[in-house]
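Next up, target.tsv (TSV, C-alpha atoms):
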```tsv
chain	number	residue	atom	x	y	z
A	9	MET	CA	-6.41	10.15	7.45
A	10	ILE	CA	-2.98	9.18	6.14
A	11	ARG	CA	-2.46	5.54	5.25
A	12	THR	CA	0.86	4.04	4.13
A	13	ARG	CA	1.98	0.50	3.33
A	14	PHE	CA	5.03	-1.74	3.14
A	15	ALA	CA	4.72	-4.25	0.31
A	16	PRO	CA	7.56	-6.81	0.15
A	17	SER	CA	7.74	-9.76	-2.23
A	18	PRO	CA	8.39	-13.18	-0.66
A	19	ASN	CA	11.07	-14.13	-3.19
A	20	GLY	CA	13.96	-13.71	-0.77
A	21	LEU	CA	14.72	-12.72	2.80
A	22	LEU	CA	14.44	-9.07	3.79
A	23	HIS	CA	17.66	-7.04	4.12
A	24	LEU	CA	18.59	-3.66	5.59
A	25	GLY	CA	17.18	-1.81	2.57
A	26	HIS	CA	13.79	-3.34	3.25
A	27	ALA	CA	14.10	-2.40	6.92
A	28	HIS	CA	14.73	1.22	5.94
A	29	ALA	CA	11.73	1.25	3.55
A	30	ALA	CA	9.43	-0.29	6.15
A	31	ILE	CA	10.58	2.17	8.83
A	32	VAL	CA	9.97	5.16	6.55
A	33	ALA	CA	6.41	4.03	5.77
A	34	HIS	CA	5.70	3.09	9.39
A	35	ASP	CA	7.07	6.28	10.91
A	36	LEU	CA	5.35	8.62	8.45
A	37	ALA	CA	2.00	7.03	9.30
A	38	ARG	CA	2.57	7.01	13.05
A	39	SER	CA	3.89	10.61	13.17
A	40	ARG	CA	0.73	11.84	11.48
A	41	GLY	CA	-1.78	9.76	13.40
A	42	GLY	CA	-2.41	7.43	10.46
A	43	GLU	CA	-2.36	3.74	9.59
A	44	PHE	CA	0.46	1.49	8.36
A	45	LEU	CA	-0.56	-1.55	6.30
A	46	LEU	CA	1.36	-4.66	5.28
A	47	ARG	CA	0.84	-6.19	1.84
A	48	ILE	CA	2.61	-9.30	0.53
A	49	GLU	CA	3.20	-9.13	-3.23
A	50	ASP	CA	3.14	-12.85	-3.93
A	51	ILE	CA	2.16	-13.22	-7.60
A	52	ASP	CA	5.63	-13.54	-9.13
A	53	GLY	CA	5.20	-17.12	-10.33
A	54	THR	CA	7.58	-19.70	-8.93
A	55	ARG	CA	9.79	-17.01	-7.36
A	56	SER	CA	7.21	-16.34	-4.66
A	57	ARG	CA	7.79	-18.63	-1.68
A	58	ALA	CA	5.05	-18.92	0.91
A	59	GLU	CA	7.52	-20.17	3.54
A	60	LEU	CA	9.19	-16.75	3.57
A	61	VAL	CA	6.06	-14.90	4.73
A	62	PRO	CA	6.51	-15.87	8.42
A	63	GLU	CA	10.12	-14.66	8.16
A	64	ILE	CA	8.94	-11.27	6.86
A	65	LEU	CA	6.44	-10.91	9.71
A	66	ALA	CA	9.04	-11.94	12.28
A	67	ASP	CA	11.57	-9.44	10.89
A	68	LEU	CA	9.11	-6.54	11.13
A	69	GLU	CA	8.12	-7.47	14.68
A	70	TRP	CA	11.84	-7.76	15.57
A	71	LEU	CA	12.34	-4.20	14.30
A	72	GLY	CA	9.47	-3.05	16.52
A	73	LEU	CA	7.11	-2.27	13.65
A	74	ALA	CA	3.40	-3.02	14.08
A	75	TRP	CA	0.95	-2.90	11.19
A	76	ASP	CA	-2.75	-2.15	11.24
A	77	GLY	CA	-5.37	-4.69	10.18
A	78	PRO	CA	-4.81	-8.08	8.58
A	79	VAL	CA	-1.95	-8.77	6.20
A	80	VAL	CA	-3.12	-8.42	2.58
A	81	PHE	CA	-1.96	-10.87	-0.12
A	82	GLN	CA	-1.88	-9.99	-3.80
A	83	SER	CA	-2.73	-13.60	-4.67
A	84	ALA	CA	-6.22	-12.97	-3.26
A	85	ARG	CA	-6.80	-10.17	-5.78
A	86	LEU	CA	-6.28	-11.86	-9.13
A	87	ALA	CA	-9.84	-11.18	-10.23
A	88	SER	CA	-9.35	-7.43	-9.83
A	89	TYR	CA	-6.30	-7.48	-12.10
A	90	GLY	CA	-8.17	-9.40	-14.76
A	91	ALA	CA	-11.16	-7.05	-14.54
A	92	ALA	CA	-8.93	-4.00	-14.96
A	93	GLY	CA	-7.24	-5.63	-17.93
A	94	ASP	CA	-10.61	-6.37	-19.53
A	95	ARG	CA	-11.67	-2.78	-19.01
A	96	LEU	CA	-8.53	-1.43	-20.68
A	97	LYS	CA	-8.98	-3.89	-23.56
A	98	ALA	CA	-12.54	-2.69	-24.04
A	99	MET	CA	-11.18	0.85	-24.21
A	100	GLY	CA	-8.90	-0.22	-27.05
A	101	LEU	CA	-5.77	0.50	-25.02
A	102	LEU	CA	-4.18	-2.96	-24.76
A	103	TYR	CA	-2.76	-5.18	-27.47
A	104	PRO	CA	-1.31	-8.72	-27.34
A	105	CYS	CA	2.43	-9.21	-27.63
A	106	THR	CA	4.28	-12.47	-28.26
A	107	CYS	CA	7.81	-11.01	-28.11
A	108	THR	CA	10.30	-12.41	-25.65
A	109	ARG	CA	12.54	-10.23	-23.50
A	110	ALA	CA	15.50	-11.25	-25.64
A	111	GLN	CA	13.69	-10.16	-28.79
A	112	VAL	CA	12.77	-6.81	-27.25
A	113	ALA	CA	16.37	-6.23	-26.16
A	114	GLU	CA	17.60	-7.08	-29.66
A	115	GLN	CA	15.06	-4.89	-31.49
A	116	ALA	CA	15.01	-1.88	-29.16
A	117	ARG	CA	16.64	1.34	-30.28
A	118	GLU	CA	15.85	3.43	-27.20
A	119	PHE	CA	16.14	2.91	-23.47
A	120	GLY	CA	13.87	4.08	-20.65
A	121	PRO	CA	13.62	3.68	-16.88
A	122	ASP	CA	12.86	-0.05	-17.19
A	123	GLY	CA	15.53	-0.73	-19.81
A	124	PRO	CA	14.96	-1.32	-23.55
A	125	ILE	CA	11.85	0.46	-24.84
A	126	TYR	CA	9.54	-1.85	-26.74
A	127	PRO	CA	9.65	-0.90	-30.47
A	128	GLY	CA	5.98	-1.73	-31.11
A	129	THR	CA	6.60	-4.93	-33.06
A	130	CYS	CA	3.21	-6.47	-32.25
A	131	ARG	CA	1.17	-3.28	-32.24
A	132	GLY	CA	-1.68	-3.68	-34.74
A	133	ARG	CA	-1.13	-7.42	-35.15
A	134	SER	CA	-3.33	-10.32	-34.09
A	135	ALA	CA	-1.74	-12.91	-31.83
A	136	PRO	CA	-1.59	-16.50	-33.15
A	137	PRO	CA	-4.29	-18.74	-31.63
A	138	ASP	CA	-3.29	-20.30	-28.30
A	139	ALA	CA	0.05	-18.46	-28.27
A	140	PRO	CA	1.16	-17.20	-24.86
A	141	VAL	CA	0.86	-13.42	-24.93
A	142	ALA	CA	1.51	-10.44	-22.75
A	143	TRP	CA	-0.80	-7.45	-23.00
A	144	ARG	CA	0.86	-4.09	-23.57
A	145	LEU	CA	-0.53	-0.62	-23.03
A	146	ASP	CA	-0.65	1.48	-26.19
A	147	MET	CA	1.09	4.36	-24.48
A	148	ALA	CA	0.51	7.04	-27.10
A	149	ARG	CA	-3.23	6.28	-27.29
A	150	ALA	CA	-3.56	6.02	-23.50
A	151	ALA	CA	-1.75	9.30	-22.87
A	152	GLU	CA	-3.88	11.05	-25.48
A	153	GLN	CA	-7.07	9.73	-23.91
A	154	ALA	CA	-6.02	10.72	-20.38
A	155	GLY	CA	-4.81	14.18	-21.33
A	156	PRO	CA	-2.27	16.24	-19.33
A	157	LEU	CA	-1.67	14.90	-15.83
A	158	GLU	CA	0.33	15.84	-12.77
A	159	TRP	CA	1.30	14.12	-9.54
A	160	LEU	CA	2.91	15.21	-6.28
A	161	ASP	CA	5.95	13.86	-4.50
A	162	GLU	CA	6.40	15.15	-0.93
A	163	LEU	CA	10.15	15.51	-1.38
A	164	ALA	CA	10.54	16.42	-5.06
A	165	GLY	CA	7.42	18.55	-5.40
A	166	PRO	CA	4.86	18.70	-8.25
A	167	GLN	CA	5.59	16.53	-11.30
A	168	VAL	CA	4.31	16.73	-14.87
A	169	CYS	CA	3.27	13.20	-15.83
A	170	ARG	CA	5.52	11.73	-18.55
A	171	PRO	CA	4.63	8.03	-18.91
A	172	GLU	CA	5.74	8.00	-22.55
A	173	GLN	CA	9.35	7.58	-21.37
A	174	PHE	CA	8.51	3.91	-20.70
A	175	GLY	CA	7.02	3.10	-24.10
A	176	ASP	CA	4.31	0.42	-24.37
A	177	VAL	CA	4.65	-1.24	-20.96
A	178	VAL	CA	3.35	-4.74	-20.20
A	179	LEU	CA	0.35	-4.71	-17.87
A	180	LEU	CA	-0.69	-8.38	-18.07
A	181	ARG	CA	2.29	-10.72	-18.16
A	182	LYS	CA	2.65	-14.10	-19.82
A	183	GLU	CA	3.85	-15.80	-16.64
A	184	ALA	CA	1.98	-13.79	-13.99
A	185	PRO	CA	-1.50	-12.28	-13.58
A	186	ALA	CA	-0.30	-8.67	-13.72
A	187	SER	CA	2.79	-6.51	-13.95
A	188	TYR	CA	4.06	-4.45	-11.03
A	189	HIS	CA	2.66	-1.30	-12.64
A	190	LEU	CA	-0.91	-2.58	-12.77
A	191	ALA	CA	-0.97	-4.62	-9.56
A	192	ALA	CA	0.60	-1.95	-7.35
A	193	THR	CA	-1.69	0.76	-8.72
A	194	LEU	CA	-4.84	-1.30	-8.18
A	195	ASP	CA	-3.73	-2.53	-4.76
A	196	ASP	CA	-2.93	0.94	-3.45
A	197	ALA	CA	-6.38	2.08	-4.51
A	198	ALA	CA	-8.07	-0.97	-2.96
A	199	ASP	CA	-6.16	-0.46	0.31
A	200	GLY	CA	-6.99	3.23	0.49
A	201	ILE	CA	-3.32	4.23	0.48
A	202	THR	CA	-3.03	8.02	0.63
A	203	LEU	CA	0.77	8.25	0.80
A	204	VAL	CA	2.78	5.85	-1.39
A	205	THR	CA	6.26	5.47	0.10
A	206	ARG	CA	9.01	3.73	-1.86
A	207	GLY	CA	12.63	4.14	-2.94
A	208	LEU	CA	13.91	6.61	-5.50
A	209	ASP	CA	14.59	3.72	-7.88
A	210	LEU	CA	10.81	3.60	-8.46
A	211	PHE	CA	10.32	7.36	-8.89
A	212	ALA	CA	9.80	7.14	-12.65
A	213	ALA	CA	7.26	4.31	-12.27
A	214	SER	CA	4.89	6.80	-10.67
A	215	HIS	CA	4.39	8.43	-14.09
A	216	VAL	CA	2.86	5.18	-15.36
A	217	HIS	CA	0.84	4.66	-12.18
A	218	ARG	CA	-0.62	8.16	-12.38
A	219	LEU	CA	-1.70	7.44	-15.97
A	220	LEU	CA	-3.37	4.17	-14.93
A	221	GLN	CA	-5.20	5.96	-12.13
A	222	ALA	CA	-6.61	8.41	-14.66
A	223	LEU	CA	-7.64	5.69	-17.13
A	224	LEU	CA	-9.31	3.52	-14.47
A	225	GLY	CA	-10.86	6.30	-12.41
A	226	LEU	CA	-8.82	5.52	-9.28
A	227	PRO	CA	-8.04	7.90	-6.41
A	228	VAL	CA	-4.72	9.73	-6.63
A	229	PRO	CA	-2.39	9.50	-3.62
A	230	VAL	CA	0.64	11.61	-2.76
A	231	TRP	CA	4.04	9.94	-3.22
A	232	HIS	CA	7.12	9.96	-1.01
A	233	HIS	CA	10.23	8.58	-2.74
A	234	HIS	CA	12.98	8.16	-0.16
A	235	LEU	CA	16.71	7.64	-0.47
A	236	LEU	CA	18.03	4.11	-0.93
A	237	LEU	CA	20.44	2.19	1.25
A	238	LEU	CA	23.56	1.69	-0.88
A	239	GLU	CA	26.45	-0.74	-0.99
A	240	PRO	CA	30.05	0.59	-1.11
A	241	ASP	CA	29.97	0.55	-4.93
A	242	GLY	CA	26.92	2.84	-4.96
A	243	ARG	CA	24.39	0.16	-5.92
A	244	LYS	CA	21.25	-0.38	-3.88
A	245	LEU	CA	21.09	-3.37	-1.58
A	246	ALA	CA	19.49	-6.30	-3.39
A	247	LYS	CA	18.43	-9.86	-2.63
A	248	ARG	CA	20.02	-11.14	-5.84
A	249	ARG	CA	23.43	-9.83	-4.76
A	250	GLY	CA	23.26	-11.51	-1.37
A	251	SER	CA	22.81	-8.45	0.83
A	252	PRO	CA	22.84	-9.50	4.53
A	253	ALA	CA	19.43	-10.83	5.61
A	254	LEU	CA	17.54	-9.43	8.59
A	255	ALA	CA	16.63	-13.01	9.54
A	256	ASP	CA	20.32	-13.86	9.97
A	257	LEU	CA	20.85	-10.84	12.22
A	258	ARG	CA	17.72	-11.72	14.18
A	259	ARG	CA	18.79	-15.32	14.73
A	260	ALA	CA	22.27	-14.18	15.74
A	261	GLY	CA	20.69	-12.36	18.67
A	262	GLU	CA	21.08	-8.78	17.48
A	263	ASP	CA	18.69	-6.17	18.88
A	264	GLY	CA	16.20	-5.32	16.15
A	265	ARG	CA	14.82	-2.24	17.86
A	266	ALA	CA	18.35	-0.90	18.30
A	267	LEU	CA	19.00	-1.53	14.62
A	268	ALA	CA	15.83	0.36	13.70
A	269	ALA	CA	16.89	3.27	15.92
A	270	ALA	CA	20.30	3.32	14.21
A	271	LEU	CA	18.71	3.40	10.76
A	272	ARG	CA	16.43	6.25	11.83
A	273	ALA	CA	19.49	8.18	13.05
A	274	GLY	CA	21.49	7.45	9.89
A	275	ARG	CA	24.04	5.28	11.73
A	276	LEU	CA	24.78	2.61	9.14
A	277	PRO	CA	27.12	-0.39	9.06
A	278	THR	CA	30.57	0.34	7.68
A	279	GLY	CA	30.56	0.89	3.93
A	280	LEU	CA	26.83	1.51	3.57
A	281	SER	CA	25.29	4.91	2.81
A	282	PHE	CA	22.04	6.59	1.82
A	283	GLY	CA	21.69	7.90	-1.73
A	284	LYS	CA	19.95	7.66	-5.09
A	285	GLY	CA	21.76	4.53	-6.22
A	286	VAL	CA	23.16	3.48	-9.56
A	287	GLY	CA	21.31	0.21	-10.14
```
I need this file expressed as structure tokens, please.
Amino acid sequence: MIRTRFAPSPNGLLHLGHAHAAIVAHDLARSRGGEFLLRIEDIDGTRSRAELVPEILADLEWLGLAWDGPVVFQSARLASYGAAGDRLKAMGLLYPCTCTRAQVAEQAREFGPDGPIYPGTCRGRSAPPDAPVAWRLDMARAAEQAGPLEWLDELAGPQVCRPEQFGDVVLLRKEAPASYHLAATLDDAADGITLVTRGLDLFAASHVHRLLQALLGLPVPVWHHHLLLLEPDGRKLAKRRGSPALADLRRAGEDGRALAAALRAGRLPTGLSFGKGVG
């Protein structure tokens, strides 16, 4: 049976881009007789705000979207992230890193999907006692151990796995229990997600997630990377740029189900469009 999920972070109010993503996941599940789950990704330190969770639930109900089963919270799964990290450490695939983001940006000579590629400054070094560290995946060693891999996107077709384009990614962060790469991969496996739906801006991340699935012996889903909802300048809608909030539209008395129908039909507010996005 197909099972999809919508997994917002409560660090800002949902906007039209979130509505589109939720509708895609919901409709794919419903059209195939499957289940649609809701997961709240609430482990981003002080940015996660518990008071926004009721707003997220109200927005989805306003759009006419119903999820199956109880809402899942990442904050209830911290032990699983730590256990996976310990397993990868025991495999010799993680190493501690004390570098700051500014240092990485200054030292990097190459750029990948996530920005500056880590130059390996801390690889092979021991971290100072009691120093705050992140734990990075030794990408070359991990890829060699996993061997050749492939994954399937419903829209783009079969993909040869190329996680090396990211360099040594952080899996356990200094300020949070796990990175997006590790947490999302483990959560999708724990939730039995068979079809991972998300925007094209996360297409490349699936290379890393497929590698982690191989290393940790997790089931492999199919992916569905959909078009993004774009602003007039071609950038995706984003909380940090103040994209209009669904909660504001809801409180103003707009019809959420009509809005959802318009998004399904591609009828967008003036200036907005669907596309791949530029950032």
Of A:Glu49, A:Asp161, A:Asp146, A:Asp263, the one sitting nearest Leu102 (chain A) when using only C-alpha atoms is A:Asp146
Residues within 12 Å of (18.7, -14.2, 12.6), counting only C-alpha atoms, listed as an mmCIF file with C-alpha atoms, in the frame of the given file:
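Full text of selection.cif as output:
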```
data_model
loop_
_atom_site.group_PDB
_atom_site.id
_atom_site.type_symbol
_atom_site.label_atom_id
_atom_site.label_comp_id
_atom_site.auth_asym_id
_atom_site.auth_seq_id
_atom_site.Cartn_x
_atom_site.Cartn_y
_atom_site.Cartn_z
ATOM 1 C CA LEU A 21 14.720 -12.720 2.800
ATOM 2 C CA LEU A 22 14.440 -9.070 3.790
ATOM 3 C CA HIS A 23 17.660 -7.040 4.120
ATOM 4 C CA GLU A 63 10.120 -14.660 8.160
ATOM 5 C CA ILE A 64 8.940 -11.270 6.860
ATOM 6 C CA ALA A 66 9.040 -11.940 12.280
ATOM 7 C CA ASP A 67 11.570 -9.440 10.890
ATOM 8 C CA TRP A 70 11.840 -7.760 15.570
ATOM 9 C CA LEU A 71 12.340 -4.200 14.300
ATOM 10 C CA PRO A 252 22.840 -9.500 4.530
ATOM 11 C CA ALA A 253 19.430 -10.830 5.610
ATOM 12 C CA LEU A 254 17.540 -9.430 8.590
ATOM 13 C CA ALA A 255 16.630 -13.010 9.540
ATOM 14 C CA ASP A 256 20.320 -13.860 9.970
ATOM 15 C CA LEU A 257 20.850 -10.840 12.220
ATOM 16 C CA ARG A 258 17.720 -11.720 14.180
ATOM 17 C CA ARG A 259 18.790 -15.320 14.730
ATOM 18 C CA ALA A 260 22.270 -14.180 15.740
ATOM 19 C CA GLY A 261 20.690 -12.360 18.670
ATOM 20 C CA GLU A 262 21.080 -8.780 17.480
ATOM 21 C CA ASP A 263 18.690 -6.170 18.880
ATOM 22 C CA GLY A 264 16.200 -5.320 16.150
#
```
Contact residues around Val168 (chain A) with only C-alpha atoms at 8 Å, ignoring same-chain residues under 2 positions, as a PDB file with C-alpha atoms, keeping the file's coordinate frame:
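Listed below is the output, around.pdb:
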```pdb
ATOM      1  CA  PRO A 156      -2.270  16.240 -19.330  1.00  0.00           C
ATOM      2  CA  LEU A 157      -1.670  14.900 -15.830  1.00  0.00           C
ATOM      3  CA  GLU A 158       0.330  15.840 -12.770  1.00  0.00           C
ATOM      4  CA  TRP A 159       1.300  14.120  -9.540  1.00  0.00           C
ATOM      5  CA  PRO A 166       4.860  18.700  -8.250  1.00  0.00           C
ATOM      6  CA  ARG A 170       5.520  11.730 -18.550  1.00  0.00           C
TER       7      ARG A 170
END
```
Can you tell me, as a PDB file with C-alpha atoms, in the frame of the given file, which residues sit within 12 Å of (29.7, -2.1, -7.1) in the file's frame, using all atoms listed in the file?
```
ATOM      1  CA  LEU A 238      23.560   1.690  -0.880  1.00  0.00           C
ATOM      2  CA  GLU A 239      26.450  -0.740  -0.990  1.00  0.00           C
ATOM      3  CA  PRO A 240      30.050   0.590  -1.110  1.00  0.00           C
ATOM      4  CA  ASP A 241      29.970   0.550  -4.930  1.00  0.00           C
ATOM      5  CA  GLY A 242      26.920   2.840  -4.960  1.00  0.00           C
ATOM      6  CA  ARG A 243      24.390   0.160  -5.920  1.00  0.00           C
ATOM      7  CA  LYS A 244      21.250  -0.380  -3.880  1.00  0.00           C
ATOM      8  CA  LEU A 245      21.090  -3.370  -1.580  1.00  0.00           C
ATOM      9  CA  ALA A 246      19.490  -6.300  -3.390  1.00  0.00           C
ATOM     10  CA  ARG A 249      23.430  -9.830  -4.760  1.00  0.00           C
ATOM     11  CA  GLY A 279      30.560   0.890   3.930  1.00  0.00           C
ATOM     12  CA  LEU A 280      26.830   1.510   3.570  1.00  0.00           C
ATOM     13  CA  GLY A 285      21.760   4.530  -6.220  1.00  0.00           C
ATOM     14  CA  VAL A 286      23.160   3.480  -9.560  1.00  0.00           C
ATOM     15  CA  GLY A 287      21.310   0.210 -10.140  1.00  0.00           C
TER      16      GLY A 287
END
```
Using only C-alpha atoms for the distances, tell me which of A:Trp143, A:Phe81, A:Phe14, A:Phe211 is nearest to Arg131 (chain A).
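Comparing A:Trp143, A:Phe81, A:Phe14, A:Phe211 against Arg131 (chain A), the winner is A:Trp143.
Near Ile10 (chain A), within 8 Å and counting all atoms listed in the file, sit Ala37, Arg40, Gly41, Gly42, Glu43, Ile201, Thr202 and Leu203 of chain A; same-chain residues fewer than 4 positions away were not included.
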One decimal, in Å: what's the spacing between CA of Ala270 (chain A) and CA of Pro16 (chain A)?
21.5 Å
Could you tell me how far CA of Val177 (chain A) lies from CA of Leu190 (chain A), in Å and to one decimal?
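That distance, rounded to one decimal, is 10.0 Å.
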One-decimal distance in Å that lies between CA of Thr54 (chain A) and CA of His26 (chain A)
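Distance between the two atoms: 21.3 Å.
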Long-range neighbours of Tyr103 (chain A) as a short mmCIF file (atom, residue, chain, number, x, y, z; two decimals) with C-alpha atoms, in the frame of the given file, 9 Å cut-off, only C-alpha atoms, 3 positions minimum in chain:
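Okay, this is what ended up in selection_24.cif:
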```cif
data_model
loop_
_atom_site.label_atom_id
_atom_site.label_comp_id
_atom_site.auth_asym_id
_atom_site.auth_seq_id
_atom_site.Cartn_x
_atom_site.Cartn_y
_atom_site.Cartn_z
CA LYS A 97 -8.98 -3.89 -23.56
CA GLY A 100 -8.90 -0.22 -27.05
CA CYS A 130 3.21 -6.47 -32.25
CA ARG A 131 1.17 -3.28 -32.24
CA GLY A 132 -1.68 -3.68 -34.74
CA ARG A 133 -1.13 -7.42 -35.15
CA SER A 134 -3.33 -10.32 -34.09
CA ALA A 135 -1.74 -12.91 -31.83
CA ALA A 142 1.51 -10.44 -22.75
CA TRP A 143 -0.80 -7.45 -23.00
CA ARG A 144 0.86 -4.09 -23.57
CA LEU A 145 -0.53 -0.62 -23.03
CA ASP A 146 -0.65 1.48 -26.19
#
```
As a list of chain:residue names, please: the residues near Gln111 (chain A) (cut-off 10 Å, only C-alpha atoms, same-chain neighbours under 5 positions excluded).
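My reading of the contact set: A:Thr106, A:Ala116, A:Tyr126, A:Thr129.
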Counting all atoms listed in the file, which residue out of A:Pro185, A:Gly72, A:Gly93, A:Pro277 sits closest to Ile51 (chain A)?
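Checking each of A:Pro185, A:Gly72, A:Gly93, A:Pro277 against Ile51 (chain A), counting all atoms listed in the file, the winner is A:Pro185.
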Within 12 Å of Pro171 (chain A), counting all atoms listed in the file, which residues qualify if same-chain residues fewer than 2 places away don't, as a ChimeraX atom specification?
/A:120-122,145-152,154-159,167-169,173-177,189,211-220
Next, write the just-selected residues to a file, as a compact mmCIF listing (two decimals), keeping the file's coordinate frame, keeping C-alpha atoms as the atom set.
```txt
# COMPACT_ATOMS: atom_id res chain seq x y z
CA GLY A 120 13.87 4.08 -20.65
CA PRO A 121 13.62 3.68 -16.88
CA ASP A 122 12.86 -0.05 -17.19
CA LEU A 145 -0.53 -0.62 -23.03
CA ASP A 146 -0.65 1.48 -26.19
CA MET A 147 1.09 4.36 -24.48
CA ALA A 148 0.51 7.04 -27.10
CA ARG A 149 -3.23 6.28 -27.29
CA ALA A 150 -3.56 6.02 -23.50
CA ALA A 151 -1.75 9.30 -22.87
CA GLU A 152 -3.88 11.05 -25.48
CA ALA A 154 -6.02 10.72 -20.38
CA GLY A 155 -4.81 14.18 -21.33
CA PRO A 156 -2.27 16.24 -19.33
CA LEU A 157 -1.67 14.90 -15.83
CA GLU A 158 0.33 15.84 -12.77
CA TRP A 159 1.30 14.12 -9.54
CA GLN A 167 5.59 16.53 -11.30
CA VAL A 168 4.31 16.73 -14.87
CA CYS A 169 3.27 13.20 -15.83
CA GLN A 173 9.35 7.58 -21.37
CA PHE A 174 8.51 3.91 -20.70
CA GLY A 175 7.02 3.10 -24.10
CA ASP A 176 4.31 0.42 -24.37
CA VAL A 177 4.65 -1.24 -20.96
CA HIS A 189 2.66 -1.30 -12.64
CA PHE A 211 10.32 7.36 -8.89
CA ALA A 212 9.80 7.14 -12.65
CA ALA A 213 7.26 4.31 -12.27
CA SER A 214 4.89 6.80 -10.67
CA HIS A 215 4.39 8.43 -14.09
CA VAL A 216 2.86 5.18 -15.36
CA HIS A 217 0.84 4.66 -12.18
CA ARG A 218 -0.62 8.16 -12.38
CA LEU A 219 -1.70 7.44 -15.97
CA LEU A 220 -3.37 4.17 -14.93
```
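Of the residues listed (A:Leu208, A:Leu160, A:Leu235, A:Ala191), A:Ala191 shows the shortest atom-to-atom separation from Ala91 (chain A); distances use all atoms listed in the file.
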Given the choices A:Glu114, A:Asp209, A:Asp195, A:Glu162, which gets closest to Leu36 (chain A) if the distance is worked out from only C-alpha atoms?
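When distances to Leu36 (chain A) are compared using only C-alpha atoms, the smallest one comes from A:Glu162.
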